[in-house]
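One structure below.
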Amino acid sequence: MDTPVFKRILLKLSGEALAAHQGFGVDSSRMREIAAELADVHSLKIQLAIVVGGGNFFRGVAEQAKNMDRVSADHMGMLATVINALALQDALEKQGVYTRVQSAIEMNQVAEPFIRRRAIRHLEKGRVVIFAGGTGNPYFSTDTAASLRANENKADANMKATKVDGIYEADTMVVKYAKKFDTITYLDVLKRGLKVMDSTAISLCKDNNLPIVIFNLNQSGNIRKVVTGQKIGSLVSA
């Protein structure tokens with residue numbers, strides 16, 4: 001049960017997950033809980049890469065950015081992901097896990113630049129790598145950054161830890177008895193317009209046959225359950 005079924009994974013964490021119930025910024029107690037879970041998973045000798053969002057500070061497509069130039073707003077969102085990556089790095093290292101932050105936007109004083117071969121080498125040496133700054137380009141979400149980094153670094157799966165326990169046919173806040181999909185194809189996600197990830201992120205995984213797992217981060221132990229092959233959440237594959 002405690003044997004991982006993946007050798008290397010990419011885990012996408014939302015910025016909102018780090019804010020917890022306060023809704024903005026970083027909740028230190030929640031950060032410690034997430035770091036402890038990640039350290040537990042890392043102890044299984046799995047190679048762990050992370051992409052973190054920035055919605056707890058700034059979201060380029062949100063109400064707060066509606067009167068801004070889209071490119072400027074997206075750049076602000078990318079910088080927010082760097083703040084979260086540094087906070088997560090600190091929390092992980094306090095758990096005794098060696099961690100590196102690589103940013104798609106160069107800022108040499110605070111993070112390494114993203115260099116694919118260096119990232120893979122860190123993973124092979126047992127370090128956790130946090131990818132910050134999105135893709136480094138506006139108009140691309142951190143979901144797309146997660147799909148890109150997962151493919152670039154030859155991850156076995158792209159895992160999105162979110163606040164719901166999988167993919168539903170409709171918003172469960174609107175449709176109470178919406179059907180949950182335990183498994184679904186990339187094409188069905190795109191055809192149905194399901195908002196689990198943006199279409200660019202889904203298409204990138206589809207084109208490279210990279211499985212996506214969507215699961216609930218707010219239930220303790222779920223990350224370990226996913227990497228050891230327990231059937232939770234929803235699987236998107238061919």
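Every chain in the structure tokens takes a letter, A first, then B, and so on in the order presented; its residues are numbered from 1, and the ligands are numbered from 1 following the presented order.
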For A:Ile34, please output as a VMD selection string all residues within 9 Å (counting only C-alpha atoms; exclusion window: fewer than 2 positions along the same chain). chain A and resid 17 to 18 29 to 32 36 to 39 88 91 to 92 217 220
Among the residues of stretch 52-223 of chain A, find those DSSP assigns to alpha helix (DSSP H) from the backbone and print them as a VMD selection string. chain A and resid 70 to 94 116 to 124 142 to 152 186 to 192 199 to 207 222 to 223
Taking 2 positions as the minimum chain separation for residues in the same chain, which residues sit within 12 Å of A:Gly23 when counting only C-alpha atoms? Answer as a ChimeraX atom specification. /A:14-21,25-27,30,54-58
Could those selected residues go to a file with N, CA and C atoms, as a short mmCIF file (atom, residue, chain, number, x, y, z; two decimals), in the first residue's frame?
```cif
data_model
loop_
_atom_site.label_atom_id
_atom_site.label_comp_id
_atom_site.auth_asym_id
_atom_site.auth_seq_id
_atom_site.Cartn_x
_atom_site.Cartn_y
_atom_site.Cartn_z
N SER A 14 -2.71 25.23 -5.98
CA SER A 14 -3.26 26.57 -6.21
C SER A 14 -2.78 27.53 -5.12
N GLY A 15 -2.71 28.79 -5.46
CA GLY A 15 -2.37 29.79 -4.45
C GLY A 15 -3.42 29.84 -3.35
N GLU A 16 -4.68 29.63 -3.73
CA GLU A 16 -5.76 29.66 -2.74
C GLU A 16 -5.58 28.59 -1.67
N ALA A 17 -4.97 27.46 -2.03
CA ALA A 17 -4.74 26.40 -1.06
C ALA A 17 -3.80 26.87 0.05
N LEU A 18 -2.86 27.74 -0.31
CA LEU A 18 -1.90 28.24 0.68
C LEU A 18 -2.50 29.31 1.57
N ALA A 19 -3.55 29.97 1.07
CA ALA A 19 -4.21 31.02 1.85
C ALA A 19 -5.19 30.43 2.85
N ALA A 20 -5.68 29.21 2.56
CA ALA A 20 -6.67 28.53 3.42
C ALA A 20 -7.89 29.43 3.59
N HIS A 21 -8.43 29.50 4.81
CA HIS A 21 -9.70 30.20 5.02
C HIS A 21 -9.55 31.72 5.05
N GLY A 25 -3.08 35.99 0.88
CA GLY A 25 -1.77 35.79 1.48
C GLY A 25 -1.50 34.32 1.79
N VAL A 26 -0.61 34.08 2.73
CA VAL A 26 -0.19 32.71 3.09
C VAL A 26 -0.57 32.44 4.53
N ASP A 27 -1.33 31.37 4.75
CA ASP A 27 -1.69 30.94 6.10
C ASP A 27 -0.57 30.01 6.60
N ARG A 30 -1.52 26.37 7.66
CA ARG A 30 -1.89 25.55 6.50
C ARG A 30 -0.65 25.20 5.68
N GLY A 54 -0.76 31.63 -8.04
CA GLY A 54 -0.58 32.90 -7.34
C GLY A 54 -1.88 33.60 -7.01
N GLY A 55 -3.00 32.86 -7.10
CA GLY A 55 -4.32 33.49 -6.92
C GLY A 55 -4.59 34.03 -5.54
N ASN A 56 -3.79 33.64 -4.54
CA ASN A 56 -3.97 34.18 -3.19
C ASN A 56 -3.40 35.60 -3.08
N PHE A 57 -2.63 36.03 -4.06
CA PHE A 57 -2.12 37.40 -4.07
C PHE A 57 -2.70 38.21 -5.23
N PHE A 58 -2.68 37.62 -6.42
CA PHE A 58 -3.13 38.37 -7.59
C PHE A 58 -3.45 37.41 -8.72
#
```
Run DSSP on the backbone of this structure and report the residues of stretch 91-171 of chain A it assigns to strand (DSSP E or B), as a PyMOL selection string. chain A and resi 99-103+112-113+128-132+157-162+167-168
Just to be explicit: take each residue in the selection above, keep N, CA, C and O atoms, and write the result as a short mmCIF file (atom, residue, chain, number, x, y, z; two decimals), in the first residue's frame.
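File produced: selection_24.cif:
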```
data_model
loop_
_atom_site.label_atom_id
_atom_site.label_comp_id
_atom_site.auth_asym_id
_atom_site.auth_seq_id
_atom_site.Cartn_x
_atom_site.Cartn_y
_atom_site.Cartn_z
N THR A 99 15.15 21.64 -1.09
CA THR A 99 14.22 22.19 -2.08
C THR A 99 14.90 23.27 -2.92
O THR A 99 15.68 24.06 -2.38
N ARG A 100 14.59 23.30 -4.18
CA ARG A 100 15.08 24.34 -5.08
C ARG A 100 13.89 25.02 -5.75
O ARG A 100 12.93 24.36 -6.15
N VAL A 101 13.98 26.34 -5.90
CA VAL A 101 12.99 27.10 -6.65
C VAL A 101 13.61 27.50 -7.98
O VAL A 101 14.71 28.06 -8.01
N GLN A 102 12.91 27.19 -9.06
CA GLN A 102 13.33 27.64 -10.38
C GLN A 102 12.25 28.53 -10.97
O GLN A 102 11.08 28.14 -11.01
N SER A 103 12.64 29.71 -11.40
CA SER A 103 11.68 30.69 -11.91
C SER A 103 11.81 30.85 -13.42
O SER A 103 12.92 30.91 -13.95
N GLU A 112 16.75 30.13 -8.82
CA GLU A 112 17.48 29.72 -10.01
C GLU A 112 16.63 30.02 -11.25
O GLU A 112 15.40 29.98 -11.18
N PRO A 113 17.26 30.26 -12.38
CA PRO A 113 16.48 30.29 -13.62
C PRO A 113 16.03 28.88 -13.97
O PRO A 113 16.66 27.90 -13.56
N VAL A 128 13.30 18.37 -3.95
CA VAL A 128 12.03 18.85 -4.49
C VAL A 128 12.30 20.10 -5.31
O VAL A 128 13.07 20.97 -4.88
N VAL A 129 11.70 20.20 -6.47
CA VAL A 129 11.86 21.38 -7.32
C VAL A 129 10.51 22.08 -7.45
O VAL A 129 9.51 21.46 -7.80
N ILE A 130 10.49 23.37 -7.10
CA ILE A 130 9.28 24.19 -7.24
C ILE A 130 9.46 25.11 -8.43
O ILE A 130 10.41 25.90 -8.47
N PHE A 131 8.57 25.01 -9.40
CA PHE A 131 8.64 25.85 -10.59
C PHE A 131 7.74 27.08 -10.38
O PHE A 131 6.54 26.94 -10.16
N ALA A 132 8.35 28.24 -10.44
CA ALA A 132 7.62 29.50 -10.23
C ALA A 132 7.63 30.33 -11.50
O ALA A 132 8.35 30.04 -12.46
N ALA A 157 3.01 11.61 -14.20
CA ALA A 157 1.63 12.08 -14.08
C ALA A 157 1.63 13.55 -13.72
O ALA A 157 2.56 14.06 -13.08
N ASN A 158 0.57 14.22 -14.15
CA ASN A 158 0.33 15.63 -13.80
C ASN A 158 -0.82 15.63 -12.80
O ASN A 158 -1.94 15.26 -13.15
N MET A 159 -0.54 16.01 -11.57
CA MET A 159 -1.55 15.93 -10.51
C MET A 159 -1.96 17.32 -10.06
O MET A 159 -1.11 18.15 -9.74
N LYS A 160 -3.26 17.55 -10.06
CA LYS A 160 -3.78 18.84 -9.61
C LYS A 160 -4.52 18.67 -8.29
O LYS A 160 -5.55 18.01 -8.22
N ALA A 161 -3.94 19.28 -7.24
CA ALA A 161 -4.57 19.24 -5.92
C ALA A 161 -5.48 20.46 -5.81
O ALA A 161 -5.03 21.59 -5.91
N THR A 162 -6.76 20.21 -5.59
CA THR A 162 -7.74 21.28 -5.63
C THR A 162 -8.69 21.19 -4.43
O THR A 162 -8.43 20.44 -3.49
N ILE A 167 -13.62 15.45 -10.85
CA ILE A 167 -14.26 16.17 -11.95
C ILE A 167 -15.74 15.82 -11.97
O ILE A 167 -16.12 14.65 -11.96
N TYR A 168 -16.58 16.84 -12.01
CA TYR A 168 -18.04 16.66 -12.06
C TYR A 168 -18.58 17.21 -13.37
O TYR A 168 -17.98 18.11 -13.98
#
```
With the cut-off set at 12 Å and counting only C-alpha atoms, tabulate each residue of stretch 26-118 of chain A with an atom at most that distance from an atom of stretch 138-153 of chain A, showing the nearest atom pair and its distance in Å to one decimal, ordered by chain and increasing number, as a tab-separated table.
```
residue	atom	partner	partner_atom	distance
A:Gln47	CA	A:Asn153	CA	10.7
A:Leu48	CA	A:Ala150	CA	10.5
A:Ala49	CA	A:Ala150	CA	8.2
A:Ile50	CA	A:Ala146	CA	7.9
A:Val51	CA	A:Ala146	CA	5.7
A:Val52	CA	A:Thr142	CA	7.3
A:Gly53	CA	A:Thr142	CA	5.8
A:Gly54	CA	A:Thr142	CA	8.3
A:Gly55	CA	A:Thr142	CA	9.8
A:Arg59	CA	A:Ser141	CA	9.8
A:Gly60	CA	A:Tyr139	CA	8.9
A:Val61	CA	A:Tyr139	CA	9.3
A:Asp69	CA	A:Pro138	CA	10.7
A:Arg70	CA	A:Pro138	CA	7.6
A:Val71	CA	A:Pro138	CA	5.4
A:Ser72	CA	A:Pro138	CA	8.2
A:Ala73	CA	A:Pro138	CA	8.4
A:Asp74	CA	A:Pro138	CA	5.3
A:His75	CA	A:Pro138	CA	6.5
A:Met76	CA	A:Pro138	CA	9.8
A:Gly77	CA	A:Pro138	CA	9.2
A:Met78	CA	A:Thr142	CA	8.6
A:Leu79	CA	A:Pro138	CA	11.7
A:Ala80	CA	A:Thr142	CA	11.3
A:Thr81	CA	A:Thr142	CA	8.8
A:Val82	CA	A:Thr142	CA	11.8
A:Gln102	CA	A:Arg149	CA	11.1
A:Ser103	CA	A:Ala145	CA	11.4
A:Ala104	CA	A:Ala145	CA	9.7
A:Ile105	CA	A:Pro138	CA	11.4
A:Phe114	CA	A:Arg149	CA	9.9
A:Ile115	CA	A:Asn153	CA	10.3
A:Arg116	CA	A:Asn153	CA	6.8
A:Arg117	CA	A:Asn153	CA	8.3
A:Arg118	CA	A:Asn153	CA	10.1
```
